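Visitor: As input, take my_file14.cif (mmCIF, C-alpha atoms and all ligand atoms):
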```
data_upload
loop_
_atom_site.label_atom_id
_atom_site.label_comp_id
_atom_site.auth_asym_id
_atom_site.auth_seq_id
_atom_site.Cartn_x
_atom_site.Cartn_y
_atom_site.Cartn_z
CA MET A 12 -0.88 8.62 33.89
CA SER A 13 2.02 10.80 32.62
CA GLN A 14 4.12 7.65 32.10
CA LEU A 15 1.38 6.02 30.01
CA VAL A 16 1.09 9.16 27.84
CA TRP A 17 4.89 9.25 27.45
CA LEU A 18 4.95 5.58 26.37
CA LEU A 19 2.11 6.02 23.87
CA ASP A 20 3.60 9.29 22.59
CA ARG A 21 7.03 7.72 22.14
CA GLY A 22 5.54 4.64 20.49
CA ALA A 23 3.59 6.78 18.01
CA ALA A 24 6.69 8.91 17.28
CA LEU A 25 8.86 5.85 16.67
CA VAL A 26 6.34 4.50 14.14
CA ALA A 27 5.67 7.95 12.60
CA TYR A 28 9.31 8.78 11.85
CA PRO A 29 10.28 5.64 9.82
CA SER A 30 6.91 5.82 7.99
CA LEU A 31 7.62 9.44 7.11
CA TYR A 32 11.11 8.45 5.98
CA LEU A 33 9.67 5.83 3.61
CA ALA A 34 7.04 8.33 2.42
CA VAL A 35 9.83 10.77 1.48
CA LEU A 36 11.91 8.02 -0.18
CA THR A 37 8.99 6.73 -2.29
CA GLY A 38 8.11 10.36 -3.05
CA ILE A 39 11.54 10.85 -4.64
CA PHE A 40 10.99 7.85 -6.92
CA TYR A 41 7.31 8.69 -7.61
CA ASN A 42 7.75 11.11 -10.54
CA THR A 43 10.99 9.81 -11.99
CA GLU A 44 10.32 7.07 -14.54
CA VAL A 45 13.99 6.27 -15.15
CA PHE A 46 14.17 4.63 -11.72
CA GLY A 47 12.28 1.71 -13.34
CA ILE A 48 11.05 -0.83 -10.81
CA LEU A 49 11.62 1.57 -7.90
CA HIS A 50 9.40 4.12 -9.67
CA GLU A 51 6.67 1.52 -10.29
CA GLY A 52 6.81 0.37 -6.67
CA ALA A 53 6.67 3.96 -5.43
CA ARG A 54 3.58 4.68 -7.54
CA ARG A 55 1.82 1.78 -5.85
CA ILE A 56 2.59 2.63 -2.24
CA HIS A 57 3.54 6.30 -1.85
CA VAL A 58 0.04 7.67 -1.25
CA GLU A 59 -1.06 4.87 1.11
CA LEU A 60 2.22 5.06 3.00
CA SER A 61 1.99 8.83 3.30
CA VAL A 62 -1.61 8.72 4.59
CA PHE A 63 -0.53 6.17 7.21
CA ALA A 64 2.53 8.28 8.15
CA MET A 65 0.37 11.42 8.52
CA LEU A 66 -2.22 9.65 10.70
CA VAL A 67 0.44 8.30 13.08
CA THR A 68 2.20 11.70 13.05
CA LEU A 69 -1.08 13.42 14.00
CA LEU A 70 -1.54 10.87 16.80
CA HIS A 71 1.99 11.63 18.03
CA ALA A 72 1.38 15.38 17.79
CA GLY A 73 -1.81 15.12 19.92
CA LEU A 74 -0.15 12.91 22.53
CA GLY A 75 3.03 15.03 22.28
CA ILE A 76 1.17 18.17 23.38
CA VAL A 77 -0.18 16.35 26.45
CA ASP A 78 3.25 14.77 27.11
CA ALA A 79 4.96 18.16 26.84
CA TRP A 80 2.35 19.70 29.15
CA PHE A 81 3.09 17.03 31.80
CA VAL A 82 6.82 17.82 31.57
CA LEU A 83 6.40 21.62 31.61
CA SER A 84 3.93 21.56 34.51
CA GLY A 85 6.19 19.33 36.59
CA GLN A 86 3.84 16.30 36.60
CA ALA A 87 6.46 14.22 34.74
CA PRO A 88 10.20 14.04 35.50
CA ALA A 89 12.15 17.00 34.09
CA PRO A 90 14.53 16.18 31.20
CA ALA A 91 18.31 16.28 31.70
CA TYR A 92 18.48 19.60 29.79
CA SER A 93 16.80 22.97 30.35
CA MET A 94 13.05 23.54 29.96
CA SER A 95 13.63 26.25 27.34
CA TYR A 96 15.63 23.74 25.24
CA PHE A 97 12.77 21.23 25.61
CA LEU A 98 10.21 23.86 24.63
CA GLY A 99 12.33 24.82 21.60
CA GLY A 100 12.40 21.16 20.54
CA VAL A 101 8.61 20.94 20.82
CA VAL A 102 8.19 24.13 18.76
CA VAL A 103 10.37 22.62 15.99
CA GLY A 104 8.04 19.57 16.09
CA VAL A 105 4.99 21.84 15.70
CA GLY A 106 6.76 23.51 12.74
CA ALA A 107 7.39 20.07 11.20
CA LEU A 108 3.72 19.17 11.52
CA LEU A 109 2.57 22.47 9.97
CA MET A 110 4.88 21.98 6.97
CA LEU A 111 3.64 18.42 6.48
CA VAL A 112 0.02 19.60 6.61
CA VAL A 113 0.76 22.31 4.01
CA ALA A 114 2.46 19.68 1.80
CA VAL A 115 -0.68 17.51 1.88
CA LEU A 116 -3.02 20.50 1.33
CA GLY A 117 -1.06 21.21 -1.88
CA PHE A 118 -2.90 18.24 -3.37
CA THR A 119 -6.12 17.96 -1.37
CA ASP A 120 -6.96 21.69 -1.53
CA ALA A 121 -4.91 22.93 -4.50
CA LYS A 122 -7.21 25.97 -5.11
CA ARG A 123 -6.08 27.43 -1.78
CA PHE A 124 -2.67 28.28 -3.29
CA ASP A 125 -2.10 30.99 -5.90
CA GLN A 126 0.20 30.62 -8.89
CA PRO A 127 3.14 29.96 -9.13
CA TRP A 128 2.46 27.66 -6.15
CA GLY A 129 1.20 24.58 -8.01
CA PRO A 130 0.48 21.31 -6.14
CA ARG A 131 3.95 19.87 -6.81
CA ALA A 132 5.74 22.99 -5.58
CA VAL A 133 3.61 23.06 -2.41
CA HIS A 134 4.22 19.33 -1.90
CA GLY A 135 7.93 20.19 -1.63
CA PHE A 136 7.13 21.39 1.92
CA ALA A 137 7.23 17.67 2.81
CA TYR A 138 11.05 17.87 2.66
CA GLY A 139 11.03 20.79 5.09
CA GLY A 140 8.64 18.93 7.40
CA PHE A 141 10.89 15.87 7.34
CA VAL A 142 14.03 17.90 8.10
CA PHE A 143 12.28 19.70 10.99
CA GLY A 144 10.93 16.34 12.26
CA THR A 145 14.48 14.93 12.20
CA ILE A 146 15.92 17.90 14.13
CA HIS A 147 13.01 17.71 16.60
CA ALA A 148 13.53 13.95 17.21
CA ALA A 149 17.31 14.28 17.61
CA ALA A 150 16.90 17.25 19.96
CA ILE A 151 14.27 16.01 22.44
CA GLY A 152 13.68 12.31 21.70
CA THR A 153 14.49 10.06 24.68
CA ASP A 154 17.77 8.21 23.88
CA ILE A 155 17.72 9.42 20.25
CA ALA A 156 20.93 11.50 20.62
CA GLY A 157 22.94 8.24 20.75
CA LEU A 158 21.39 7.14 17.45
CA VAL A 159 22.32 10.26 15.49
CA VAL A 160 25.73 8.99 14.36
CA PRO A 161 24.97 5.26 13.84
CA LEU A 162 21.43 5.52 12.39
CA LEU A 163 19.75 8.91 11.91
CA GLY A 164 22.64 10.64 10.11
CA PRO A 165 23.38 7.80 7.64
CA SER A 166 19.64 7.33 6.89
CA VAL A 167 19.23 11.02 6.08
CA MET A 168 22.45 10.99 4.03
CA PHE A 169 20.99 8.12 1.98
CA LEU A 170 17.93 10.29 1.19
CA VAL A 171 20.24 13.13 0.11
CA TYR A 172 22.16 10.66 -2.09
CA VAL A 173 18.97 9.43 -3.80
CA LEU A 174 17.80 13.02 -4.30
CA LEU A 175 21.14 13.98 -5.91
CA LEU A 176 20.96 10.86 -8.09
CA ARG A 177 17.54 11.97 -9.28
CA VAL A 178 18.83 15.44 -10.12
CA LEU A 179 21.72 13.88 -12.10
CA VAL A 180 19.45 11.39 -13.90
CA LEU A 181 16.96 14.11 -14.84
CA ARG A 182 19.78 16.25 -16.22
CA GLY A 183 20.95 13.29 -18.31
CA GLY A 184 24.27 12.91 -16.43
CA VAL A 185 23.64 9.28 -15.41
CA PRO A 186 22.38 6.46 -17.70
CA SER A 187 18.80 5.26 -17.04
CA VAL A 188 18.45 2.37 -14.56
CA SER A 189 15.19 1.19 -16.18
CA PRO A 190 15.42 -1.82 -18.59
CA GLY A 191 13.46 0.03 -21.30
C1 LIG B 201 2.55 19.27 17.20
C2 LIG B 201 3.63 18.59 16.79
C3 LIG B 201 4.53 17.79 17.72
C4 LIG B 201 4.62 17.76 19.10
C5 LIG B 201 3.83 18.57 20.12
C6 LIG B 201 5.64 16.79 19.45
C7 LIG B 201 6.05 16.48 20.75
C8 LIG B 201 7.08 15.62 21.07
C9 LIG B 201 7.60 15.40 22.39
C10 LIG B 201 7.08 16.07 23.66
C11 LIG B 201 8.60 14.49 22.30
C12 LIG B 201 9.46 13.94 23.43
C13 LIG B 201 8.89 12.61 23.84
C14 LIG B 201 9.72 12.04 24.94
O1 LIG B 201 9.45 12.36 26.09
O2 LIG B 201 10.63 11.27 24.63
C15 LIG B 201 8.73 14.11 20.90
C16 LIG B 201 9.63 13.19 20.40
C17 LIG B 201 9.67 12.76 19.08
N1 LIG B 201 8.94 13.30 18.02
FE1 LIG B 201 7.56 14.74 18.17
N2 LIG B 201 6.13 16.24 18.28
C18 LIG B 201 5.48 16.83 17.21
C19 LIG B 201 5.69 16.57 15.86
C20 LIG B 201 6.52 15.59 15.36
C21 LIG B 201 6.68 15.27 13.95
C22 LIG B 201 5.98 15.98 12.78
C23 LIG B 201 7.54 14.23 13.88
C24 LIG B 201 8.02 13.56 12.60
C25 LIG B 201 7.66 12.33 12.37
C26 LIG B 201 7.95 13.86 15.24
C27 LIG B 201 8.80 12.83 15.59
C28 LIG B 201 9.28 12.58 16.87
C29 LIG B 201 10.22 11.53 17.20
C30 LIG B 201 10.82 10.50 16.23
C31 LIG B 201 10.47 11.65 18.58
C32 LIG B 201 11.42 10.78 19.41
C33 LIG B 201 10.63 9.74 20.19
C34 LIG B 201 11.50 9.12 21.25
O3 LIG B 201 11.57 9.66 22.33
O4 LIG B 201 12.11 8.11 21.03
N3 LIG B 201 7.31 14.72 16.10
N4 LIG B 201 7.80 14.83 20.18
#
```
In structure tokens, how does this file's structure come out?
Guide:
Amino acid sequence: MSQLVWLLDRGAALVAYPSLYLAVLTGIFYNTEVFGILHEGARRIHVELSVFAMLVTLLHAGLGIVDAWFVLSGQAPAPAYSMSYFLGGVVVGVGALLMLVVAVLGFTDAKRFDQPWGPRAVHGFAYGGFVFGTIHAAAIGTDIAGLVVPLLGPSVMFLVYVLLLRVLVLRGGVPSVSPG
């Protein structure tokens, strides 16, 4: 039973993380017209992609609590590191989920937040949720530590690069990439 939960939990996590990555990437292009075709593409898919990413993330979170319980109660094999480290990794995952939920509530329940916390400012919590999710995955994901240098690090660096490019473009430091 614990192995089935672990497989399903891992499967959900490995779909949730790349979906969340693409949700963040399209989010960066979403409000920046000068990105031209990338901006238009982002406007078409960002919301749908983000809803999908959140649903799979919620599935992972539910299964993750059961998975973590199996590990902590000794019903599943103990990880190669200490239990307190594992618990810390799970807590970072819970923090990631909470930030992502707040980011979505910024739009779906905007009245909940007082000024100056407008929907766009609250939606910025999505970055925090993604960073926490990345730390969580690298810390306690099975086999993920070996992917930090070849895959996880460069992918996150690419997001940082696109974000910096947007800051530069918005400040007028880089010519527009749109044909118009
Ligand atoms: C209540 C919130 C969460 C809980 C309880 C939780 C729990 C867990 C647990 C127990 C593992 C280790 C699975 C294993 O045995 O390998 C794990 C791995 C992982 N989690 Fe979470 N998590 C949560 C939120 C998140 C969020 C928000 C993300 C971001 C998308 C995320 C992404 C991942 C990824 C990518 C892995 C690595 C999967 C692998 O082992 O290959 N988690 N999580």
Visitor: Residues of chain A within 7 Å of ligand LIG 201 (chain B): nearest atom pair and distance (Å, one decimal) for each, counting all atoms listed in the file, sorted by chain and number, as a tab-separated table?
Guide:
```
residue	atom	partner	partner_atom	distance
A:Trp17	CA	B:LIG201	O1	5.7
A:Asp20	CA	B:LIG201	C13	6.4
A:Arg21	CA	B:LIG201	C33	4.6
A:Ala24	CA	B:LIG201	C29	4.4
A:Leu25	CA	B:LIG201	C30	5.1
A:Ala27	CA	B:LIG201	C25	4.8
A:Tyr28	CA	B:LIG201	C25	3.9
A:Leu31	CA	B:LIG201	C25	6.0
A:Thr68	CA	B:LIG201	C25	5.5
A:His71	CA	B:LIG201	N2	6.2
A:Ala72	CA	B:LIG201	C3	4.0
A:Gly73	CA	B:LIG201	C1	6.6
A:Gly75	CA	B:LIG201	C7	3.7
A:Ile76	CA	B:LIG201	C5	4.2
A:Asp78	CA	B:LIG201	C10	5.3
A:Ala79	CA	B:LIG201	C10	4.4
A:Val101	CA	B:LIG201	C7	5.1
A:Gly104	CA	B:LIG201	C19	3.8
A:Val105	CA	B:LIG201	C2	3.7
A:Ala107	CA	B:LIG201	C22	4.6
A:Leu108	CA	B:LIG201	C22	4.1
A:Gly140	CA	B:LIG201	C22	6.7
A:Phe141	CA	B:LIG201	C24	6.4
A:Gly144	CA	B:LIG201	C24	4.0
A:Thr145	CA	B:LIG201	C24	6.6
A:His147	CA	B:LIG201	N1	6.2
A:Ala148	CA	B:LIG201	C31	4.1
A:Ile151	CA	B:LIG201	C12	5.3
A:Gly152	CA	B:LIG201	O3	3.4
A:Thr153	CA	B:LIG201	O3	3.8
A:Asp154	CA	B:LIG201	O4	6.3
A:Ile155	CA	B:LIG201	O4	5.8
```
Visitor: Taking (21.2, 4.6, -4.3) in the file's own coordinates, collect the residues within 12 Å, counting all atoms listed in the file, and hand them back as a list in words.
Guide: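 Within the cut-off we find Leu36, Ile39, Phe40, Phe46, Leu49, Ser166, Met168, Phe169, Leu170, Val171, Tyr172, Val173, Leu174, Leu175, Leu176, Arg177, Val180 and Val188 of chain A.
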Visitor: Please list as a ChimeraX atom specification every residue within 9 Å of A:Tyr138, counting all atoms listed in the file and excluding residues in the same chain fewer than 5 positions away.
Guide: /A:35,110-111,114,143
Visitor: Considering only C-alpha atoms, state which residue in the set A:Leu181, A:Ala150, A:Met12, A:Val102 is at the smallest distance from A:Pro90.
Guide: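 The answer is A:Ala150, which sits nearest to A:Pro90.
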Visitor: Find the distance between atom CA of A:Leu70 and atom CA of A:Ala132 and write it in Å to one decimal.
Guide: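 Separating atom CA of A:Leu70 from atom CA of A:Ala132 is a distance of 26.5 Å.
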Visitor: Could you please determine the separation between atom CA of A:Leu18 and atom CA of A:Ala149 in Å, to one decimal place?
Guide: 17.5 Å
Visitor: Please check which residues have atoms at most 9 Å from (2.1, 12.0, 6.4) in the file's coordinates, counting only C-alpha atoms, and write them as a PyMOL selection string.
Guide: chain A and resi 27+30-31+34+60-69+108+111-112+114-115+137
Visitor: Can you measure atom CA of A:Gln14 to atom CA of A:Phe81 for me? One decimal in Å is fine.
Guide: 9.4 Å
Visitor: Smallest atom-to-atom distance to A:Arg55: which of A:Thr37, A:His134, A:Ser93, A:Leu163, using only C-alpha atoms?
Guide: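 Ranked by minimum distance to A:Arg55, first place goes to A:Thr37.
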Visitor: Of the candidates A:Ser13, A:Thr119, A:Ser95, A:Ser84, which shows the shortest atom-to-atom distance to A:Val58, using all atoms listed in the file?
Guide: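 Residue with the minimum atom-to-atom distance to A:Val58: A:Thr119.
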Visitor: Using all atoms listed in the file, which residue out of A:Leu15, A:Tyr96, A:Arg131, A:Val142 lies closest to A:Asn42?
Guide: A:Arg131
Visitor: Which residue is closest to A:Gly135? Choose from A:Gly106, A:Pro29, A:Gly38, A:Gly183 and count only C-alpha atoms.
Guide: A:Gly38
